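Asks: For reference, this is query-v3.tsv, and it has TSV, N, CA and C atoms and all ligand atoms.
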chain	number	residue	atom	x	y	z
A	1	MET	N	-10.64	-5.43	-37.57
A	1	MET	CA	-10.72	-6.22	-36.34
A	1	MET	C	-10.88	-5.32	-35.13
A	2	ALA	N	-11.66	-5.80	-34.17
A	2	ALA	CA	-11.90	-4.99	-32.97
A	2	ALA	C	-10.61	-4.87	-32.15
A	3	LEU	N	-10.44	-3.72	-31.55
A	3	LEU	CA	-9.27	-3.46	-30.72
A	3	LEU	C	-9.34	-4.33	-29.46
A	4	PRO	N	-8.31	-5.15	-29.19
A	4	PRO	CA	-8.37	-5.96	-27.97
A	4	PRO	C	-8.22	-5.09	-26.72
A	5	CYS	N	-8.87	-5.50	-25.64
A	5	CYS	CA	-8.77	-4.70	-24.41
A	5	CYS	C	-7.36	-4.79	-23.84
A	6	PRO	N	-6.80	-3.66	-23.38
A	6	PRO	CA	-5.45	-3.70	-22.79
A	6	PRO	C	-5.33	-4.61	-21.58
A	7	CYS	N	-6.45	-4.89	-20.89
A	7	CYS	CA	-6.38	-5.64	-19.63
A	7	CYS	C	-6.08	-7.12	-19.83
A	8	GLY	N	-6.11	-7.60	-21.07
A	8	GLY	CA	-5.64	-8.95	-21.31
A	8	GLY	C	-6.69	-10.05	-21.27
A	9	THR	N	-7.96	-9.70	-21.22
A	9	THR	CA	-9.00	-10.74	-21.24
A	9	THR	C	-9.11	-11.40	-22.60
A	10	GLY	N	-8.64	-10.71	-23.64
A	10	GLY	CA	-8.84	-11.21	-25.00
A	10	GLY	C	-10.13	-10.72	-25.62
A	11	ASP	N	-10.95	-10.03	-24.83
A	11	ASP	CA	-12.21	-9.47	-25.34
A	11	ASP	C	-11.95	-8.12	-26.00
A	12	PRO	N	-12.83	-7.74	-26.93
A	12	PRO	CA	-12.67	-6.40	-27.53
A	12	PRO	C	-12.82	-5.31	-26.46
A	13	TYR	N	-12.02	-4.26	-26.59
A	13	TYR	CA	-12.07	-3.15	-25.63
A	13	TYR	C	-13.49	-2.60	-25.49
A	14	ALA	N	-14.21	-2.51	-26.61
A	14	ALA	CA	-15.55	-1.93	-26.60
A	14	ALA	C	-16.53	-2.72	-25.73
A	15	GLU	N	-16.22	-4.01	-25.50
A	15	GLU	CA	-17.12	-4.85	-24.71
A	15	GLU	C	-16.54	-5.20	-23.35
A	16	CYS	N	-15.30	-4.77	-23.10
A	16	CYS	CA	-14.62	-5.16	-21.85
A	16	CYS	C	-14.54	-3.97	-20.92
A	17	CYS	N	-13.46	-3.23	-20.93
A	17	CYS	CA	-13.27	-2.14	-19.96
A	17	CYS	C	-13.88	-0.81	-20.40
A	18	ARG	N	-14.08	-0.58	-21.68
A	18	ARG	CA	-14.57	0.73	-22.11
A	18	ARG	C	-15.89	1.14	-21.45
A	19	PRO	N	-16.88	0.24	-21.38
A	19	PRO	CA	-18.13	0.65	-20.72
A	19	PRO	C	-17.93	1.05	-19.26
A	20	LEU	N	-16.93	0.44	-18.60
A	20	LEU	CA	-16.65	0.80	-17.21
A	20	LEU	C	-15.99	2.18	-17.14
A	21	LEU	N	-15.00	2.41	-18.01
A	21	LEU	CA	-14.31	3.70	-18.01
A	21	LEU	C	-15.27	4.83	-18.37
A	22	ARG	N	-16.26	4.53	-19.20
A	22	ARG	CA	-17.23	5.55	-19.59
A	22	ARG	C	-18.37	5.71	-18.58
A	23	GLY	N	-18.38	4.84	-17.55
A	23	GLY	CA	-19.45	4.93	-16.56
A	23	GLY	C	-20.78	4.37	-17.05
A	24	GLU	N	-20.73	3.56	-18.09
A	24	GLU	CA	-21.96	2.96	-18.62
A	24	GLU	C	-22.34	1.70	-17.85
A	25	ARG	N	-21.36	1.14	-17.15
A	25	ARG	CA	-21.57	-0.12	-16.46
A	25	ARG	C	-20.65	-0.12	-15.24
A	26	GLU	N	-21.11	-0.75	-14.14
A	26	GLU	CA	-20.28	-0.92	-12.95
A	26	GLU	C	-19.49	-2.22	-13.09
A	27	ALA	N	-18.32	-2.28	-12.46
A	27	ALA	CA	-17.58	-3.53	-12.42
A	27	ALA	C	-18.39	-4.55	-11.62
A	28	THR	N	-18.50	-5.76	-12.16
A	28	THR	CA	-19.31	-6.78	-11.48
A	28	THR	C	-18.60	-7.37	-10.27
A	29	ASP	N	-17.29	-7.30	-10.26
A	29	ASP	CA	-16.54	-7.79	-9.09
A	29	ASP	C	-15.20	-7.05	-9.01
A	30	ALA	N	-14.45	-7.35	-7.95
A	30	ALA	CA	-13.19	-6.63	-7.72
A	30	ALA	C	-12.18	-6.92	-8.82
A	31	SER	N	-12.22	-8.13	-9.36
A	31	SER	CA	-11.28	-8.48	-10.43
A	31	SER	C	-11.54	-7.63	-11.68
A	32	ALA	N	-12.81	-7.48	-12.04
A	32	ALA	CA	-13.16	-6.64	-13.20
A	32	ALA	C	-12.77	-5.18	-12.95
A	33	LEU	N	-12.96	-4.72	-11.70
A	33	LEU	CA	-12.57	-3.34	-11.39
A	33	LEU	C	-11.06	-3.17	-11.51
A	34	MET	N	-10.31	-4.16	-10.99
A	34	MET	CA	-8.85	-4.09	-11.07
A	34	MET	C	-8.40	-4.02	-12.53
A	35	ARG	N	-8.99	-4.87	-13.35
A	35	ARG	CA	-8.63	-4.86	-14.78
A	35	ARG	C	-8.95	-3.50	-15.42
A	36	SER	N	-10.09	-2.96	-15.07
A	36	SER	CA	-10.48	-1.69	-15.69
A	36	SER	C	-9.56	-0.57	-15.22
A	37	ARG	N	-9.06	-0.68	-13.99
A	37	ARG	CA	-8.12	0.34	-13.51
A	37	ARG	C	-6.77	0.22	-14.22
A	38	TYR	N	-6.35	-1.01	-14.50
A	38	TYR	CA	-5.13	-1.17	-15.31
A	38	TYR	C	-5.33	-0.50	-16.68
A	39	THR	N	-6.48	-0.77	-17.29
A	39	THR	CA	-6.77	-0.16	-18.59
A	39	THR	C	-6.77	1.37	-18.48
A	40	ALA	N	-7.27	1.88	-17.36
A	40	ALA	CA	-7.27	3.34	-17.17
A	40	ALA	C	-5.84	3.88	-17.05
A	41	TYR	N	-4.94	3.10	-16.44
A	41	TYR	CA	-3.53	3.52	-16.42
A	41	TYR	C	-2.97	3.55	-17.83
A	42	VAL	N	-3.31	2.51	-18.61
A	42	VAL	CA	-2.83	2.45	-19.99
A	42	VAL	C	-3.31	3.68	-20.77
A	43	ARG	N	-4.56	4.05	-20.54
A	43	ARG	CA	-5.18	5.14	-21.29
A	43	ARG	C	-5.00	6.50	-20.61
A	44	GLU	N	-4.30	6.46	-19.44
A	44	GLU	CA	-4.06	7.69	-18.67
A	44	GLU	C	-5.36	8.41	-18.35
A	45	ASP	N	-6.33	7.61	-17.88
A	45	ASP	CA	-7.65	8.13	-17.53
A	45	ASP	C	-7.66	8.43	-16.02
A	46	GLU	N	-7.17	9.59	-15.66
A	46	GLU	CA	-7.05	9.95	-14.25
A	46	GLU	C	-8.41	10.03	-13.57
A	47	ARG	N	-9.39	10.55	-14.28
A	47	ARG	CA	-10.72	10.71	-13.69
A	47	ARG	C	-11.26	9.35	-13.21
A	48	TYR	N	-11.13	8.33	-14.07
A	48	TYR	CA	-11.64	7.00	-13.71
A	48	TYR	C	-10.86	6.42	-12.52
A	49	LEU	N	-9.54	6.58	-12.55
A	49	LEU	CA	-8.72	6.04	-11.46
A	49	LEU	C	-9.11	6.68	-10.12
A	50	LEU	N	-9.34	7.97	-10.12
A	50	LEU	CA	-9.68	8.65	-8.87
A	50	LEU	C	-11.09	8.28	-8.41
A	51	CYS	N	-12.02	8.14	-9.34
A	51	CYS	CA	-13.40	7.86	-8.90
A	51	CYS	C	-13.62	6.40	-8.55
A	52	THR	N	-12.63	5.53	-8.83
A	52	THR	CA	-12.73	4.14	-8.37
A	52	THR	C	-11.79	3.89	-7.18
A	53	TRP	N	-11.30	4.96	-6.59
A	53	TRP	CA	-10.38	4.89	-5.44
A	53	TRP	C	-11.18	5.22	-4.19
A	54	HIS	N	-11.03	4.42	-3.12
A	54	HIS	CA	-11.79	4.70	-1.90
A	54	HIS	C	-11.40	6.07	-1.35
A	55	PRO	N	-12.40	6.87	-0.93
A	55	PRO	CA	-12.10	8.23	-0.45
A	55	PRO	C	-11.08	8.27	0.69
A	56	SER	N	-10.99	7.19	1.49
A	56	SER	CA	-10.07	7.20	2.63
A	56	SER	C	-8.60	7.14	2.21
A	57	THR	N	-8.33	6.65	1.01
A	57	THR	CA	-6.94	6.51	0.57
A	57	THR	C	-6.67	7.22	-0.76
A	58	ARG	N	-7.67	7.88	-1.31
A	58	ARG	CA	-7.56	8.47	-2.65
A	58	ARG	C	-6.61	9.67	-2.66
A	59	PRO	N	-5.65	9.67	-3.58
A	59	PRO	CA	-4.79	10.86	-3.72
A	59	PRO	C	-5.58	11.99	-4.40
A	60	THR	N	-5.06	13.20	-4.33
A	60	THR	CA	-5.78	14.31	-4.97
A	60	THR	C	-5.52	14.33	-6.47
A	61	ALA	N	-4.36	13.81	-6.88
A	61	ALA	CA	-4.04	13.78	-8.31
A	61	ALA	C	-3.03	12.66	-8.54
A	62	LEU	N	-2.90	12.26	-9.78
A	62	LEU	CA	-1.96	11.20	-10.13
A	62	LEU	C	-0.97	11.73	-11.15
A	63	ALA	N	0.26	11.24	-11.07
A	63	ALA	CA	1.25	11.58	-12.09
A	63	ALA	C	1.28	10.44	-13.09
A	64	LEU	N	0.50	10.57	-14.14
A	64	LEU	CA	0.43	9.52	-15.16
A	64	LEU	C	1.36	9.84	-16.31
A	65	GLY	N	1.67	8.83	-17.07
A	65	GLY	CA	2.56	9.02	-18.21
A	65	GLY	C	3.97	8.63	-17.85
A	66	GLY	N	4.81	8.48	-18.85
A	66	GLY	CA	6.20	8.10	-18.62
A	66	GLY	C	6.41	6.60	-18.71
A	67	GLN	N	5.29	5.82	-18.61
A	67	GLN	CA	5.43	4.37	-18.73
A	67	GLN	C	4.76	3.92	-20.02
A	68	THR	N	5.29	2.82	-20.56
A	68	THR	CA	4.60	2.12	-21.64
A	68	THR	C	4.14	0.79	-21.06
A	69	TRP	N	2.84	0.64	-20.91
A	69	TRP	CA	2.31	-0.58	-20.28
A	69	TRP	C	2.33	-1.72	-21.27
A	70	LEU	N	2.82	-2.88	-20.81
A	70	LEU	CA	3.02	-4.02	-21.70
A	70	LEU	C	2.05	-5.16	-21.46
A	71	GLY	N	1.48	-5.23	-20.25
A	71	GLY	CA	0.55	-6.32	-20.03
A	71	GLY	C	0.21	-6.54	-18.57
A	72	LEU	N	-0.88	-7.23	-18.36
A	72	LEU	CA	-1.39	-7.51	-17.02
A	72	LEU	C	-1.69	-9.00	-16.90
A	73	THR	N	-1.30	-9.58	-15.77
A	73	THR	CA	-1.70	-10.95	-15.46
A	73	THR	C	-2.32	-10.96	-14.07
A	74	VAL	N	-3.54	-11.43	-13.96
A	74	VAL	CA	-4.18	-11.57	-12.65
A	74	VAL	C	-3.84	-12.96	-12.13
A	75	ALA	N	-3.14	-12.98	-10.98
A	75	ALA	CA	-2.67	-14.26	-10.44
A	75	ALA	C	-3.68	-14.85	-9.47
A	76	ALA	N	-4.42	-14.00	-8.75
A	76	ALA	CA	-5.38	-14.51	-7.76
A	76	ALA	C	-6.46	-13.49	-7.53
A	77	PHE	N	-7.65	-13.97	-7.28
A	77	PHE	CA	-8.81	-13.13	-6.97
A	77	PHE	C	-9.53	-13.82	-5.83
A	78	VAL	N	-9.52	-13.20	-4.65
A	78	VAL	CA	-10.03	-13.85	-3.45
A	78	VAL	C	-11.11	-13.00	-2.81
A	79	MET	N	-12.31	-13.53	-2.72
A	79	MET	CA	-13.39	-12.87	-1.99
A	79	MET	C	-13.19	-13.17	-0.50
A	80	ASP	N	-13.41	-12.18	0.36
A	80	ASP	CA	-13.31	-12.39	1.80
A	80	ASP	C	-14.46	-13.32	2.23
A	81	PRO	N	-14.13	-14.48	2.81
A	81	PRO	CA	-15.21	-15.41	3.17
A	81	PRO	C	-16.12	-14.86	4.27
A	82	GLN	N	-15.62	-13.90	5.06
A	82	GLN	CA	-16.42	-13.32	6.14
A	82	GLN	C	-17.27	-12.14	5.65
A	83	ASP	N	-16.87	-11.54	4.55
A	83	ASP	CA	-17.50	-10.28	4.14
A	83	ASP	C	-17.53	-10.18	2.61
A	84	PRO	N	-18.71	-10.37	2.02
A	84	PRO	CA	-18.80	-10.35	0.55
A	84	PRO	C	-18.52	-8.99	-0.08
A	85	ALA	N	-18.37	-7.95	0.75
A	85	ALA	CA	-18.05	-6.63	0.23
A	85	ALA	C	-16.56	-6.34	0.25
A	86	ARG	N	-15.76	-7.38	0.51
A	86	ARG	CA	-14.30	-7.21	0.52
A	86	ARG	C	-13.65	-8.30	-0.33
A	87	ALA	N	-12.60	-7.91	-1.05
A	87	ALA	CA	-11.89	-8.88	-1.89
A	87	ALA	C	-10.47	-8.38	-2.12
A	88	THR	N	-9.59	-9.31	-2.47
A	88	THR	CA	-8.24	-8.93	-2.88
A	88	THR	C	-7.95	-9.51	-4.26
A	89	VAL	N	-7.12	-8.80	-4.99
A	89	VAL	CA	-6.68	-9.25	-6.31
A	89	VAL	C	-5.16	-9.13	-6.35
A	90	THR	N	-4.49	-10.22	-6.69
A	90	THR	CA	-3.03	-10.22	-6.86
A	90	THR	C	-2.73	-10.25	-8.35
A	91	PHE	N	-1.88	-9.32	-8.77
A	91	PHE	CA	-1.62	-9.22	-10.21
A	91	PHE	C	-0.15	-8.86	-10.45
A	92	THR	N	0.27	-9.10	-11.67
A	92	THR	CA	1.57	-8.66	-12.14
A	92	THR	C	1.36	-7.76	-13.34
A	93	ALA	N	1.95	-6.59	-13.30
A	93	ALA	CA	1.89	-5.67	-14.44
A	93	ALA	C	3.30	-5.46	-14.98
A	94	LEU	N	3.41	-5.43	-16.29
A	94	LEU	CA	4.70	-5.22	-16.95
A	94	LEU	C	4.66	-3.88	-17.67
A	95	TRP	N	5.76	-3.16	-17.60
A	95	TRP	CA	5.83	-1.92	-18.37
A	95	TRP	C	7.27	-1.58	-18.69
A	96	ARG	N	7.44	-0.63	-19.56
A	96	ARG	CA	8.76	-0.08	-19.86
A	96	ARG	C	8.78	1.34	-19.33
A	97	ASP	N	9.84	1.67	-18.62
A	97	ASP	CA	9.92	3.00	-18.04
A	97	ASP	C	10.39	4.03	-19.07
A	98	GLY	N	10.57	5.27	-18.61
A	98	GLY	CA	10.92	6.36	-19.51
A	98	GLY	C	12.24	6.15	-20.25
A	99	GLU	N	13.09	5.30	-19.66
A	99	GLU	CA	14.36	5.01	-20.33
A	99	GLU	C	14.30	3.74	-21.17
A	100	GLY	N	13.11	3.17	-21.28
A	100	GLY	CA	12.94	1.99	-22.13
A	100	GLY	C	13.25	0.68	-21.42
A	101	LEU	N	13.50	0.75	-20.10
A	101	LEU	CA	13.85	-0.46	-19.37
A	101	LEU	C	12.58	-1.21	-18.96
A	102	PRO	N	12.57	-2.54	-19.11
A	102	PRO	CA	11.40	-3.31	-18.70
A	102	PRO	C	11.27	-3.38	-17.18
A	103	ARG	N	10.05	-3.26	-16.69
A	103	ARG	CA	9.79	-3.27	-15.25
A	103	ARG	C	8.63	-4.21	-14.97
A	104	THR	N	8.66	-4.77	-13.76
A	104	THR	CA	7.58	-5.65	-13.32
A	104	THR	C	7.09	-5.18	-11.97
A	105	MET	N	5.79	-5.17	-11.76
A	105	MET	CA	5.24	-4.88	-10.45
A	105	MET	C	4.25	-5.97	-10.09
A	106	ARG	N	4.40	-6.51	-8.89
A	106	ARG	CA	3.44	-7.48	-8.39
A	106	ARG	C	2.79	-6.88	-7.14
A	107	GLU	N	1.48	-6.84	-7.14
A	107	GLU	CA	0.78	-6.21	-6.02
A	107	GLU	C	-0.44	-7.02	-5.65
A	108	THR	N	-0.71	-7.08	-4.35
A	108	THR	CA	-2.00	-7.59	-3.88
A	108	THR	C	-2.82	-6.38	-3.45
A	109	SER	N	-3.88	-6.12	-4.18
A	109	SER	CA	-4.71	-4.94	-3.94
A	109	SER	C	-5.94	-5.32	-3.14
A	110	ARG	N	-6.35	-4.41	-2.27
A	110	ARG	CA	-7.57	-4.60	-1.49
A	110	ARG	C	-8.70	-3.75	-2.08
A	111	PHE	N	-9.88	-4.34	-2.13
A	111	PHE	CA	-11.06	-3.66	-2.67
A	111	PHE	C	-12.23	-3.80	-1.70
A	112	VAL	N	-13.07	-2.78	-1.68
A	112	VAL	CA	-14.32	-2.87	-0.92
A	112	VAL	C	-15.47	-2.45	-1.84
A	113	ARG	N	-16.64	-2.97	-1.53
A	113	ARG	CA	-17.83	-2.56	-2.27
A	113	ARG	C	-18.69	-1.68	-1.39
A	114	GLU	N	-18.96	-0.49	-1.87
A	114	GLU	CA	-19.80	0.46	-1.12
A	114	GLU	C	-20.85	1.02	-2.05
A	115	GLY	N	-22.09	1.00	-1.61
A	115	GLY	CA	-23.18	1.52	-2.43
A	115	GLY	C	-23.26	0.81	-3.78
A	116	GLY	N	-22.91	-0.47	-3.78
A	116	GLY	CA	-22.99	-1.28	-5.00
A	116	GLY	C	-21.79	-1.12	-5.91
A	117	GLN	N	-20.83	-0.28	-5.53
A	117	GLN	CA	-19.68	-0.03	-6.40
A	117	GLN	C	-18.40	-0.55	-5.74
A	118	TRP	N	-17.61	-1.32	-6.51
A	118	TRP	CA	-16.31	-1.77	-6.02
A	118	TRP	C	-15.32	-0.61	-6.12
A	119	LEU	N	-14.50	-0.48	-5.04
A	119	LEU	CA	-13.51	0.60	-4.98
A	119	LEU	C	-12.16	0.03	-4.56
A	120	TYR	N	-11.09	0.59	-5.13
A	120	TYR	CA	-9.73	0.23	-4.73
A	120	TYR	C	-9.40	0.92	-3.42
A	121	VAL	N	-8.84	0.17	-2.47
A	121	VAL	CA	-8.45	0.77	-1.18
A	121	VAL	C	-6.94	1.00	-1.14
A	122	ASP	N	-6.18	-0.09	-1.16
A	122	ASP	CA	-4.73	0.05	-1.16
A	122	ASP	C	-4.14	-1.31	-1.55
A	123	GLY	N	-2.83	-1.40	-1.53
A	123	GLY	CA	-2.22	-2.66	-1.95
A	123	GLY	C	-0.84	-2.85	-1.35
A	124	ASP	N	-0.41	-4.10	-1.34
A	124	ASP	CA	0.93	-4.47	-0.89
A	124	ASP	C	1.74	-4.89	-2.11
A	125	VAL	N	2.82	-4.16	-2.35
A	125	VAL	CA	3.70	-4.51	-3.47
A	125	VAL	C	4.67	-5.57	-2.98
A	126	SER	N	4.82	-6.62	-3.76
A	126	SER	CA	5.75	-7.70	-3.34
A	126	SER	C	6.82	-7.89	-4.41
B	1	ZN	ZN	-10.66	-5.04	-20.21
Would you write the structure of this file as structure tokens?

Replies:
Amino acid sequence: MALPCPCGTGDPYAECCRPLLRGEREATDASALMRSRYTAYVREDERYLLCTWHPSTRPTALALGGQTWLGLTVAAFVMDPQDPARATVTFTALWRDGEGLPRTMRETSRFVREGGQWLYVDGDVS
């Protein structure tokens, strides 16, 4: 059986986020980019996370690892009605920390599209 994608679409990984992480395909919208970035956290793909991060807010490096990712739920995906190159995605991610304790993060992330590519800008954790 095909490996399901970590992002929770129910699609096989090979047809969902993998082509994005490999640079074979661009995310079609901010929601797909957000999902692929979650998958990159699961796979500890620092290169993909940094190259989908807007240069104005991009860190120089990420401290990945230490978490066991358990799942992603996208609660809302909103295109900016004034500007089709801006969107927000609200999601909940579940993980277990280094001590095995379950954790939840809910964030509304902002995305912009530049040069045809969606990029993560920043987010508000709630
Ligand atoms: Zn996926």

Asks: For ligand ZN 1 (chain B), collect every residue having any atom at a distance of at most 6 Å from a ligand atom (counting all atoms listed in the file); output as a PyMOL selection string.

Replies: chain A and resi 5-9+13+16-18+35-36

Asks: Mind giving me the straight-line distance from atom CA of A:Phe77 to atom CA of A:Leu49 in Å, one decimal?

Replies: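 Answer for the atom CA of A:Phe77 to atom CA of A:Leu49 separation: 19.7 Å.
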
Asks: Give the helix (DSSP H, G or I) residues of chain A, as DSSP finds them on the backbone, and put them as a list of chain:residue names.

Replies: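 Checking each residue of chain A, the helix (DSSP H, G or I) ones are A:Tyr13, A:Ala14, A:Glu15, A:Arg18, A:Pro19, A:Leu20, A:Leu21, A:Ala30, A:Ser31, A:Ala32, A:Leu33, A:Met34, A:Arg35, A:Ser36, A:Arg37, A:Tyr38, A:Thr39, A:Ala40, A:Tyr41, A:Val42, A:Glu46, A:Arg47, A:Tyr48, A:Leu49, A:Leu50, A:Cys51.
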
Asks: Would you please work out which residue, of A:Gly116, A:Phe111, A:Gly100, A:Ala75, is nearest to A:Thr88 when using only N, CA and C atoms?

Replies: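 Answer, going by the shortest atom-to-atom distance: A:Phe111.
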
Asks: Would you mind telling me which residue in A:Phe91, A:Ser56, A:Thr28, A:Val74 lies nearest to A:Val121 when using only N, CA and C atoms?

Replies: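 Of all the options, A:Ser56 lies closest to A:Val121.
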
Asks: Quick one: pull the distance between atom CA of A:Thr92 and atom CA of A:Thr108, Å, one decimal.

Replies: 9.1 Å

Asks: As an exercise, work out the distance from atom CA of A:Leu70 to atom CA of A:Ala93 in Å and give it to one decimal place.

Replies: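 Here the two named atoms are 7.5 Å from each other.
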
Asks: Taking only C-alpha atoms into account, which of A:Cys51, A:Leu72, A:Ala30, A:Ala2 comes nearest A:Trp95?

Replies: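 Of A:Cys51, A:Leu72, A:Ala30, A:Ala2, the one nearest A:Trp95, counting only C-alpha atoms, is A:Leu72.
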
Asks: Just asking: which residues within stretch 35-84 of chain A are strand (DSSP E) according to DSSP, as a list in words?

Replies: Thr68, Trp69, Leu70, Gly71, Leu72, Thr73, Val74, Ala75, Ala76, Phe77, Val78 and Met79 of chain A

Asks: Compare A:Leu50, A:Val78, A:Ala32, A:Ala87 by their minimum atom-to-atom distance to A:Ala63, counting only C-alpha atoms, and give me the closest one.

Replies: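 Of the candidates, the smallest distance to A:Ala63 is held by A:Leu50.
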